[in-house]
>>> print(open('query-v2.cif').read())   # mmCIF, C-alpha atoms
data_entry
#
loop_
_atom_site.group_PDB
_atom_site.id
_atom_site.type_symbol
_atom_site.label_atom_id
_atom_site.label_comp_id
_atom_site.auth_asym_id
_atom_site.auth_seq_id
_atom_site.Cartn_x
_atom_site.Cartn_y
_atom_site.Cartn_z
ATOM 1 C CA MET A 3 -25.851 54.206 -18.197
ATOM 2 C CA LEU A 4 -29.534 53.650 -17.604
ATOM 3 C CA GLU A 5 -31.301 56.493 -15.884
ATOM 4 C CA TYR A 6 -34.867 55.268 -15.583
ATOM 5 C CA LEU A 7 -36.601 54.015 -12.469
ATOM 6 C CA PRO A 8 -38.587 50.786 -11.982
ATOM 7 C CA GLY A 9 -41.900 52.601 -12.472
ATOM 8 C CA ILE A 10 -43.862 51.550 -9.388
ATOM 9 C CA ARG A 11 -47.614 51.946 -10.002
ATOM 10 C CA ARG A 12 -49.187 50.758 -6.749
ATOM 11 C CA ILE A 13 -49.048 48.132 -4.038
ATOM 12 C CA ASP A 14 -50.867 45.133 -5.478
ATOM 13 C CA HIS A 15 -50.970 42.917 -2.422
ATOM 14 C CA ILE A 16 -49.599 42.054 0.998
ATOM 15 C CA ALA A 17 -48.932 38.334 1.384
ATOM 16 C CA ILE A 18 -49.521 36.555 4.684
ATOM 17 C CA VAL A 19 -48.545 32.913 5.187
ATOM 18 C CA VAL A 20 -51.168 30.927 7.096
ATOM 19 C CA ARG A 21 -51.432 27.309 8.121
ATOM 20 C CA ALA A 22 -54.941 26.852 6.710
ATOM 21 C CA ILE A 23 -56.913 29.375 4.673
ATOM 22 C CA ASP A 24 -60.228 28.048 5.992
ATOM 23 C CA ASP A 25 -59.168 28.882 9.545
ATOM 24 C CA ALA A 26 -57.745 32.283 8.613
ATOM 25 C CA LEU A 27 -61.017 33.242 6.904
ATOM 26 C CA VAL A 28 -62.782 33.012 10.262
ATOM 27 C CA PHE A 29 -60.917 36.217 11.077
ATOM 28 C CA TYR A 30 -60.410 37.945 7.708
ATOM 29 C CA ARG A 31 -63.804 37.148 6.171
ATOM 30 C CA ASP A 32 -66.133 36.602 9.108
ATOM 31 C CA ALA A 33 -64.770 39.085 11.675
ATOM 32 C CA LEU A 34 -63.245 41.771 9.409
ATOM 33 C CA GLY A 35 -65.857 41.289 6.708
ATOM 34 C CA ILE A 36 -63.566 41.088 3.667
ATOM 35 C CA THR A 37 -65.002 38.639 1.109
ATOM 36 C CA PRO A 38 -62.400 36.705 -0.918
ATOM 37 C CA SER A 39 -62.518 37.438 -4.641
ATOM 38 C CA ALA A 40 -60.848 34.112 -5.373
ATOM 39 C CA ILE A 41 -59.499 31.024 -3.638
ATOM 40 C CA VAL A 42 -57.285 29.060 -6.009
ATOM 41 C CA ASP A 43 -54.651 26.359 -5.951
ATOM 42 C CA VAL A 44 -51.433 27.153 -7.810
ATOM 43 C CA PRO A 45 -49.837 23.706 -8.163
ATOM 44 C CA SER A 46 -46.733 25.093 -9.898
ATOM 45 C CA GLU A 47 -45.918 27.038 -6.717
ATOM 46 C CA GLY A 48 -47.336 24.496 -4.278
ATOM 47 C CA VAL A 49 -49.685 26.970 -2.651
ATOM 48 C CA ARG A 50 -53.351 27.737 -2.136
ATOM 49 C CA ILE A 51 -54.109 31.459 -2.398
ATOM 50 C CA ALA A 52 -57.045 33.495 -1.125
ATOM 51 C CA MET A 53 -57.252 37.038 -2.456
ATOM 52 C CA LEU A 54 -58.992 39.528 -0.171
ATOM 53 C CA PRO A 55 -59.816 42.824 -1.891
ATOM 54 C CA ALA A 56 -59.726 44.951 1.258
ATOM 55 C CA GLY A 57 -59.989 48.145 -0.763
ATOM 56 C CA GLY A 58 -62.461 47.095 -3.429
ATOM 57 C CA PRO A 59 -61.606 46.581 -7.117
ATOM 58 C CA GLY A 60 -58.207 48.012 -7.994
ATOM 59 C CA GLY A 61 -57.205 48.478 -4.364
ATOM 60 C CA THR A 62 -54.391 46.783 -2.514
ATOM 61 C CA LYS A 63 -55.330 43.202 -1.576
ATOM 62 C CA ILE A 64 -54.427 40.887 1.274
ATOM 63 C CA GLU A 65 -53.163 37.560 -0.102
ATOM 64 C CA LEU A 66 -53.395 34.570 2.215
ATOM 65 C CA LEU A 67 -50.856 31.883 1.275
ATOM 66 C CA GLN A 68 -51.233 28.309 2.453
ATOM 67 C CA PRO A 69 -48.464 25.825 1.581
ATOM 68 C CA LEU A 70 -49.711 22.651 -0.091
ATOM 69 C CA ASP A 71 -46.341 20.972 0.437
ATOM 70 C CA PRO A 72 -44.437 21.372 3.729
ATOM 71 C CA GLY A 73 -41.146 21.102 1.836
ATOM 72 C CA ASN A 74 -41.523 24.101 -0.474
ATOM 73 C CA SER A 75 -40.397 27.633 0.355
ATOM 74 C CA ILE A 76 -43.737 28.697 1.841
ATOM 75 C CA GLY A 77 -43.914 25.473 3.865
ATOM 76 C CA ARG A 78 -40.442 26.064 5.213
ATOM 77 C CA PHE A 79 -41.284 29.687 6.036
ATOM 78 C CA LEU A 80 -44.273 28.470 8.061
ATOM 79 C CA GLU A 81 -42.154 25.895 9.851
ATOM 80 C CA ARG A 82 -39.452 28.429 10.761
ATOM 81 C CA HIS A 83 -41.402 31.599 11.455
ATOM 82 C CA GLY A 84 -44.979 30.525 12.036
ATOM 83 C CA GLU A 85 -47.866 32.399 10.476
ATOM 84 C CA GLY A 86 -47.259 36.014 9.463
ATOM 85 C CA GLN A 87 -46.293 38.534 6.838
ATOM 86 C CA HIS A 88 -44.274 37.067 3.977
ATOM 87 C CA HIS A 89 -43.842 39.666 1.223
ATOM 88 C CA ILE A 90 -45.321 42.745 -0.360
ATOM 89 C CA CYS A 91 -45.971 42.994 -4.079
ATOM 90 C CA LEU A 92 -45.650 46.198 -6.085
ATOM 91 C CA GLU A 93 -47.058 46.547 -9.588
ATOM 92 C CA VAL A 94 -44.780 47.917 -12.290
ATOM 93 C CA ALA A 95 -45.580 48.901 -15.853
ATOM 94 C CA ASN A 96 -42.805 46.853 -17.423
ATOM 95 C CA ILE A 97 -41.014 44.127 -15.504
ATOM 96 C CA ASP A 98 -38.052 43.879 -17.884
ATOM 97 C CA ASN A 99 -37.316 47.583 -17.529
ATOM 98 C CA ALA A 100 -37.800 47.409 -13.756
ATOM 99 C CA LEU A 101 -35.375 44.496 -13.458
ATOM 100 C CA ALA A 102 -32.776 46.262 -15.583
ATOM 101 C CA ALA A 103 -33.088 49.439 -13.502
ATOM 102 C CA LEU A 104 -32.605 47.538 -10.252
ATOM 103 C CA VAL A 105 -29.676 45.478 -11.498
ATOM 104 C CA GLU A 106 -28.014 48.627 -12.755
ATOM 105 C CA ARG A 107 -28.256 50.080 -9.234
ATOM 106 C CA GLY A 108 -26.877 46.954 -7.613
ATOM 107 C CA VAL A 109 -30.135 45.984 -5.880
ATOM 108 C CA PRO A 110 -29.966 42.267 -4.910
ATOM 109 C CA VAL A 111 -32.642 40.623 -7.058
ATOM 110 C CA LEU A 112 -33.507 36.933 -6.651
ATOM 111 C CA ASP A 113 -34.411 36.418 -10.324
ATOM 112 C CA GLN A 114 -32.163 37.000 -13.284
ATOM 113 C CA GLN A 115 -35.221 37.035 -15.474
ATOM 114 C CA PRO A 116 -38.924 37.382 -14.689
ATOM 115 C CA ARG A 117 -40.770 34.263 -13.529
ATOM 116 C CA VAL A 118 -44.416 33.516 -14.343
ATOM 117 C CA SER A 119 -46.517 34.180 -11.235
ATOM 118 C CA ALA A 120 -50.223 33.930 -10.457
ATOM 119 C CA GLU A 121 -50.732 37.470 -11.721
ATOM 120 C CA GLY A 122 -48.255 38.003 -14.505
ATOM 121 C CA ARG A 123 -44.459 38.177 -14.787
ATOM 122 C CA ALA A 124 -42.618 38.857 -11.577
ATOM 123 C CA ILE A 125 -39.278 39.142 -9.814
ATOM 124 C CA PHE A 126 -38.341 39.175 -6.136
ATOM 125 C CA ILE A 127 -35.898 41.472 -4.335
ATOM 126 C CA HIS A 128 -33.923 40.041 -1.402
ATOM 127 C CA PRO A 129 -34.736 41.546 2.020
ATOM 128 C CA LYS A 130 -31.079 42.502 2.474
ATOM 129 C CA GLY A 131 -31.597 45.158 -0.197
ATOM 130 C CA THR A 132 -34.920 46.485 1.083
ATOM 131 C CA HIS A 133 -34.323 46.915 4.841
ATOM 132 C CA GLY A 134 -35.857 43.620 5.817
ATOM 133 C CA VAL A 135 -38.812 43.070 3.489
ATOM 134 C CA LEU A 136 -39.152 40.480 0.730
ATOM 135 C CA ILE A 137 -40.511 42.543 -2.182
ATOM 136 C CA GLU A 138 -42.117 41.176 -5.342
ATOM 137 C CA LEU A 139 -42.471 43.323 -8.438
ATOM 138 C CA VAL A 140 -45.089 42.215 -10.948
ATOM 139 C CA GLU A 141 -46.191 43.271 -14.394
ATOM 140 C CA MET A 142 -49.822 42.253 -14.672
ATOM 141 C CA GLY A 143 -50.278 39.953 -17.590
ATOM 142 C CA ALA A 144 -52.406 37.570 -19.561
ATOM 143 C CA THR A 145 -51.747 34.842 -16.998
ATOM 144 C CA GLU A 146 -53.665 36.770 -14.327
ATOM 145 C CA HIS A 147 -56.211 34.498 -12.708
ATOM 146 C CA VAL A 148 -56.697 35.751 -9.174
ATOM 147 C CA MET B 833 -76.216 40.990 19.994
ATOM 148 C CA LEU B 834 -74.417 43.244 17.556
ATOM 149 C CA GLU B 835 -74.526 42.064 13.988
ATOM 150 C CA TYR B 836 -72.467 44.648 12.151
ATOM 151 C CA LEU B 837 -68.939 44.294 10.818
ATOM 152 C CA PRO B 838 -65.952 46.599 11.352
ATOM 153 C CA GLY B 839 -66.480 48.262 7.968
ATOM 154 C CA ILE B 840 -63.031 47.964 6.380
ATOM 155 C CA ARG B 841 -62.606 50.578 3.637
ATOM 156 C CA ARG B 842 -59.078 50.000 2.360
ATOM 157 C CA ILE B 843 -55.510 49.275 3.376
ATOM 158 C CA ASP B 844 -54.085 52.621 4.426
ATOM 159 C CA HIS B 845 -50.459 51.644 4.928
ATOM 160 C CA ILE B 846 -47.890 48.934 5.483
ATOM 161 C CA ALA B 847 -45.433 49.826 8.241
ATOM 162 C CA ILE B 848 -41.783 48.820 8.045
ATOM 163 C CA VAL B 849 -39.393 49.411 10.938
ATOM 164 C CA VAL B 850 -35.996 50.696 9.818
ATOM 165 C CA ARG B 851 -32.860 51.725 11.670
ATOM 166 C CA ALA B 852 -32.548 55.054 9.870
ATOM 167 C CA ILE B 853 -35.022 56.570 7.430
ATOM 168 C CA ASP B 854 -32.251 58.392 5.548
ATOM 169 C CA ASP B 855 -30.576 55.061 4.765
ATOM 170 C CA ALA B 856 -33.841 53.328 3.840
ATOM 171 C CA LEU B 857 -34.689 56.114 1.389
ATOM 172 C CA VAL B 858 -31.628 55.182 -0.669
ATOM 173 C CA PHE B 859 -33.651 52.113 -1.649
ATOM 174 C CA TYR B 860 -37.294 53.220 -1.448
ATOM 175 C CA ARG B 861 -36.882 56.714 -2.907
ATOM 176 C CA ASP B 862 -33.748 56.547 -5.023
ATOM 177 C CA ALA B 863 -33.919 52.980 -6.399
ATOM 178 C CA LEU B 864 -37.694 52.338 -6.409
ATOM 179 C CA GLY B 865 -38.539 55.952 -7.176
ATOM 180 C CA ILE B 866 -41.246 56.540 -4.565
ATOM 181 C CA THR B 867 -41.078 60.128 -3.286
ATOM 182 C CA PRO B 868 -42.045 60.596 0.384
ATOM 183 C CA SER B 869 -45.135 62.745 0.872
ATOM 184 C CA ALA B 870 -44.033 63.548 4.422
ATOM 185 C CA ILE B 871 -41.226 62.875 6.871
ATOM 186 C CA VAL B 872 -42.313 63.816 10.383
ATOM 187 C CA ASP B 873 -41.321 63.228 13.973
ATOM 188 C CA VAL B 874 -44.106 62.049 16.281
ATOM 189 C CA PRO B 875 -42.628 62.696 19.729
ATOM 190 C CA SER B 876 -45.654 61.249 21.533
ATOM 191 C CA GLU B 877 -44.885 57.874 19.946
ATOM 192 C CA GLY B 878 -41.105 58.268 19.895
ATOM 193 C CA VAL B 879 -40.832 57.686 16.170
ATOM 194 C CA ARG B 880 -39.869 59.370 12.927
ATOM 195 C CA ILE B 881 -42.219 58.455 10.070
ATOM 196 C CA ALA B 882 -41.738 58.659 6.298
ATOM 197 C CA MET B 883 -44.889 58.140 4.249
ATOM 198 C CA LEU B 884 -44.323 56.739 0.766
ATOM 199 C CA PRO B 885 -47.420 56.982 -1.466
ATOM 200 C CA ALA B 886 -46.557 54.008 -3.663
ATOM 201 C CA GLY B 887 -49.955 54.135 -5.331
ATOM 202 C CA GLY B 888 -50.430 57.871 -5.661
ATOM 203 C CA PRO B 889 -52.987 59.910 -3.688
ATOM 204 C CA GLY B 890 -55.540 57.698 -1.939
ATOM 205 C CA GLY B 891 -53.554 54.524 -2.559
ATOM 206 C CA THR B 892 -51.976 52.263 0.024
ATOM 207 C CA LYS B 893 -48.757 53.756 1.394
ATOM 208 C CA ILE B 894 -45.525 52.331 2.729
ATOM 209 C CA GLU B 895 -44.757 53.809 6.159
ATOM 210 C CA LEU B 896 -41.126 53.727 7.266
ATOM 211 C CA LEU B 897 -40.841 53.841 11.068
ATOM 212 C CA GLN B 898 -37.600 54.814 12.775
ATOM 213 C CA PRO B 899 -37.460 54.666 16.574
ATOM 214 C CA LEU B 900 -36.248 57.882 18.230
ATOM 215 C CA ASP B 901 -35.810 56.082 21.558
ATOM 216 C CA PRO B 902 -34.278 52.584 21.706
ATOM 217 C CA GLY B 903 -36.434 51.806 24.751
ATOM 218 C CA ASN B 904 -39.869 52.262 23.197
ATOM 219 C CA SER B 905 -41.873 49.533 21.493
ATOM 220 C CA ILE B 906 -40.507 50.270 18.009
ATOM 221 C CA GLY B 907 -36.963 50.432 19.383
ATOM 222 C CA ARG B 908 -37.402 47.081 21.108
ATOM 223 C CA PHE B 909 -38.888 45.560 17.938
ATOM 224 C CA LEU B 910 -35.779 46.688 16.018
ATOM 225 C CA GLU B 911 -33.483 45.264 18.691
ATOM 226 C CA ARG B 912 -35.266 41.877 18.716
ATOM 227 C CA HIS B 913 -36.227 41.353 15.097
ATOM 228 C CA GLY B 914 -34.067 43.706 13.081
ATOM 229 C CA GLU B 915 -35.507 45.768 10.267
ATOM 230 C CA GLY B 916 -38.706 44.518 8.644
ATOM 231 C CA GLN B 917 -42.471 44.545 8.444
ATOM 232 C CA HIS B 918 -44.166 45.713 11.628
ATOM 233 C CA HIS B 919 -47.910 46.126 11.043
ATOM 234 C CA ILE B 920 -50.563 46.793 8.454
ATOM 235 C CA CYS B 921 -53.173 49.499 8.881
ATOM 236 C CA LEU B 922 -56.737 49.232 7.619
ATOM 237 C CA GLU B 923 -59.032 52.246 7.378
ATOM 238 C CA VAL B 924 -62.493 51.962 8.880
ATOM 239 C CA ALA B 925 -65.419 54.346 8.675
ATOM 240 C CA ASN B 926 -66.054 54.453 12.434
ATOM 241 C CA ILE B 927 -63.463 53.228 14.915
ATOM 242 C CA ASP B 928 -65.874 52.977 17.856
ATOM 243 C CA ASN B 929 -68.216 50.719 15.887
ATOM 244 C CA ALA B 930 -65.293 48.652 14.588
ATOM 245 C CA LEU B 931 -63.926 48.161 18.099
ATOM 246 C CA ALA B 932 -67.339 47.120 19.422
ATOM 247 C CA ALA B 933 -67.800 44.642 16.565
ATOM 248 C CA LEU B 934 -64.401 43.041 17.208
ATOM 249 C CA VAL B 935 -64.840 42.846 20.975
ATOM 250 C CA GLU B 936 -68.254 41.259 20.491
ATOM 251 C CA ARG B 937 -66.618 38.539 18.384
ATOM 252 C CA GLY B 938 -63.863 37.934 20.906
ATOM 253 C CA VAL B 939 -61.051 39.303 18.723
ATOM 254 C CA PRO B 940 -58.029 40.138 20.958
ATOM 255 C CA VAL B 941 -57.724 43.928 20.731
ATOM 256 C CA LEU B 942 -54.825 45.764 22.372
ATOM 257 C CA ASP B 943 -56.835 48.912 23.114
ATOM 258 C CA GLN B 944 -59.978 49.157 25.170
ATOM 259 C CA GLN B 945 -60.629 52.498 23.587
ATOM 260 C CA PRO B 946 -59.201 54.204 20.505
ATOM 261 C CA ARG B 947 -55.853 55.937 20.876
ATOM 262 C CA VAL B 948 -54.877 59.115 18.999
ATOM 263 C CA SER B 949 -52.483 58.182 16.197
ATOM 264 C CA ALA B 950 -50.671 60.119 13.501
ATOM 265 C CA GLU B 951 -53.671 59.788 11.206
ATOM 266 C CA GLY B 952 -56.742 59.761 13.410
ATOM 267 C CA ARG B 953 -58.157 57.463 16.083
ATOM 268 C CA ALA B 954 -56.850 53.925 16.055
ATOM 269 C CA ILE B 955 -56.768 50.554 17.746
ATOM 270 C CA PHE B 956 -54.458 47.567 17.360
ATOM 271 C CA ILE B 957 -55.369 43.875 17.107
ATOM 272 C CA HIS B 958 -52.947 41.333 18.602
ATOM 273 C CA PRO B 959 -51.229 39.011 16.080
ATOM 274 C CA LYS B 960 -52.595 35.986 17.933
ATOM 275 C CA GLY B 961 -56.049 36.901 16.622
ATOM 276 C CA THR B 962 -55.009 37.645 13.031
ATOM 277 C CA HIS B 963 -52.793 34.671 12.108
ATOM 278 C CA GLY B 964 -49.540 36.403 12.875
ATOM 279 C CA VAL B 965 -49.966 40.023 11.787
ATOM 280 C CA LEU B 966 -50.170 43.105 13.984
ATOM 281 C CA ILE B 967 -53.150 44.976 12.518
ATOM 282 C CA GLU B 968 -54.053 48.610 13.147
ATOM 283 C CA LEU B 969 -57.516 49.935 12.385
ATOM 284 C CA VAL B 970 -57.810 53.692 11.955
ATOM 285 C CA GLU B 971 -60.606 56.167 11.469
ATOM 286 C CA MET B 972 -59.074 59.094 9.607
ATOM 287 C CA GLY B 973 -59.548 62.241 11.604
ATOM 288 C CA ALA B 974 -58.812 65.868 12.190
ATOM 289 C CA THR B 975 -55.436 64.947 13.670
ATOM 290 C CA GLU B 976 -54.217 63.629 10.328
ATOM 291 C CA HIS B 977 -50.861 65.163 9.511
ATOM 292 C CA VAL B 978 -49.008 62.647 7.369
#
>>> encode(input="query-v2.cif", output="structure tokens")
Amino acid sequence: MLEYLPGIRRIDHIAIVVRAIDDALVFYRDALGITPSAIVDVPSEGVRIAMLPAGGPGGTKIELLQPLDPGNSIGRFLERHGEGQHHICLEVANIDNALAALVERGVPVLDQQPRVSAEGRAIFIHPKGTHGVLIELVEMGATEHV
Amino acid sequence: MLEYLPGIRRIDHIAIVVRAIDDALVFYRDALGITPSAIVDVPSEGVRIAMLPAGGPGGTKIELLQPLDPGNSIGRFLERHGEGQHHICLEVANIDNALAALVERGVPVLDQQPRVSAEGRAIFIHPKGTHGVLIELVEMGATEHV
């Protein structure tokens, strides 16, 4: 029996789905004063992402997510729920160990193995196992580009 | 005309409404391994709060919020939406300056003056001004107890 824990290091980001990043920046950048560190398209996920380092380098970021395709999961979220909070992302030291620890405890994960995300290798946990919050766990990796 | 910005320092916490903190800790504490730094009742707000320092001291925390009265705003949120993300809280250096800066820009604030919160003096911004997220701004103060 495994006895280790997922090894949560910090909250990497809070993801908010918006209709258009340019419009959302009127609030987050111009009114709150948080300058995006990056605005990038991630065609493999069908999204445009703006990263807002609200706490400076190394701090927890706000991630604005704009669907580039109304038919993908972020597009459907927007259609159903409107703009708003989508998931929170926690950084772990080792995603394979974290996944094994969660599976061993019966936590309902959405990925049987890590997927490649914008920041590294990641898995998602279903909200039914987290008291209502979609949670991403990520191991920062060489693919990091935001 | 005022020209300053609210002066966001960092994301202090992400608040999640849960039915019962004891049940939620089976996931957040036992499965994820995040030990609460405090579990306190705040009778003035009708809530029990568990603070989970996911990123260690000074990092962004997860705040679990359990209503102690089904009729208050957190209780009604739970009744309408079920468990899930409720608000995010950003720390500012000076809450009076932040409020003035937001009002001057026409941002829809829910408080005409700062209220006393669990951590200091705070205001809330309506989700209609933030692209769907209830946002709290707080100036950490002498009333901090969590």
>>> interface_residues(input="query-v2.cif", of="chain A", to="chain B", cutoff="6 Å", atoms="only C-alpha atoms", output="list in words")
Leu7, Pro8, Arg11, Arg12, Leu34, Gly35, Ala56, Gly57, Glu85, Gly86, His133, Gly134 and Val135 of chain A
>>> resolve_selection(input="query-v2.cif", expression="the PyMOL selection byres ((chain B and resi 900) around 8)", output="MDAnalysis selection string")
chainID B and resid 878:880 898:899 901:902 907
>>> axis_aligned_box(input="query-v2.cif", around="segment 883-894 of chain B", padding_each_side="3 Å", output="lines of an AutoDock Vina configuration file")
center_x = -49.9
center_y = 56.1
center_z = -0.7
size_x = 17.2
size_y = 13.6
size_z = 15.9
>>> residues_near_point(input="query-v2.cif", point="(-59.0, 31.6, -4.3)", cutoff="10 Å", atoms="all atoms listed in the file", output="PyMOL selection string")
chain A and resi 23+38-44+50-54+65-67+147-148
>>> closest_residue(input="query-v2.cif", among="B:Glu877, B:Glu951, B:Asp943, B:Glu971", to="Asn929 of chain B", atoms="all atoms listed in the file")
B:Glu971
>>> atom_distance(input="query-v2.cif", atom1="atom CA of Gly973 of chain B", atom2="atom CA of Asp928 of chain B")
12.8 Å
>>> residues_near_point(input="query-v2.cif", point="(-39.4, 40.6, -10.5)", cutoff="9 Å", atoms="all atoms listed in the file", output="ChimeraX atom specification")
/A:97-98,100-101,111-117,123-127,137-141
>>> atom_distance(input="query-v2.cif", atom1="atom CA of Cys91 of chain A", atom2="atom CA of Ala17 of chain A")
7.8 Å
>>> build_atoms(input="query-v2.cif", residues="segment 897-909 of chain B", atoms="N, CA and C atoms", output="mmCIF file, in the frame of the given file")
data_model
loop_
_atom_site.group_PDB
_atom_site.id
_atom_site.type_symbol
_atom_site.label_atom_id
_atom_site.label_comp_id
_atom_site.auth_asym_id
_atom_site.auth_seq_id
_atom_site.Cartn_x
_atom_site.Cartn_y
_atom_site.Cartn_z
ATOM 1 N N LEU B 897 -40.790 53.465 9.643
ATOM 2 C CA LEU B 897 -40.841 53.841 11.068
ATOM 3 C C LEU B 897 -39.449 53.727 11.655
ATOM 4 N N GLN B 898 -38.912 54.825 12.119
ATOM 5 C CA GLN B 898 -37.600 54.814 12.775
ATOM 6 C C GLN B 898 -37.779 55.167 14.250
ATOM 7 N N PRO B 899 -37.314 54.315 15.160
ATOM 8 C CA PRO B 899 -37.460 54.666 16.574
ATOM 9 C C PRO B 899 -36.545 55.835 16.941
ATOM 10 N N LEU B 900 -37.067 56.767 17.747
ATOM 11 C CA LEU B 900 -36.248 57.882 18.230
ATOM 12 C C LEU B 900 -35.719 57.582 19.626
ATOM 13 N N ASP B 901 -36.213 56.489 20.202
ATOM 14 C CA ASP B 901 -35.810 56.082 21.558
ATOM 15 C C ASP B 901 -35.672 54.560 21.534
ATOM 16 N N PRO B 902 -34.459 54.041 21.794
ATOM 17 C CA PRO B 902 -34.278 52.584 21.706
ATOM 18 C C PRO B 902 -35.129 51.807 22.710
ATOM 19 N N GLY B 903 -35.675 52.506 23.717
ATOM 20 C CA GLY B 903 -36.434 51.806 24.751
ATOM 21 C C GLY B 903 -37.923 51.697 24.481
ATOM 22 N N ASN B 904 -38.425 52.371 23.429
ATOM 23 C CA ASN B 904 -39.869 52.262 23.197
ATOM 24 C C ASN B 904 -40.195 51.015 22.377
ATOM 25 N N SER B 905 -41.482 50.817 22.079
ATOM 26 C CA SER B 905 -41.873 49.533 21.493
ATOM 27 C C SER B 905 -41.258 49.329 20.110
ATOM 28 N N ILE B 906 -41.122 50.391 19.336
ATOM 29 C CA ILE B 906 -40.507 50.270 18.009
ATOM 30 C C ILE B 906 -38.997 50.013 18.151
ATOM 31 N N GLY B 907 -38.386 50.673 19.129
ATOM 32 C CA GLY B 907 -36.963 50.432 19.383
ATOM 33 C C GLY B 907 -36.703 49.001 19.818
ATOM 34 N N ARG B 908 -37.578 48.472 20.650
ATOM 35 C CA ARG B 908 -37.402 47.081 21.108
ATOM 36 C C ARG B 908 -37.668 46.100 19.973
ATOM 37 N N PHE B 909 -38.637 46.403 19.117
ATOM 38 C CA PHE B 909 -38.888 45.560 17.938
ATOM 39 C C PHE B 909 -37.625 45.475 17.083
#
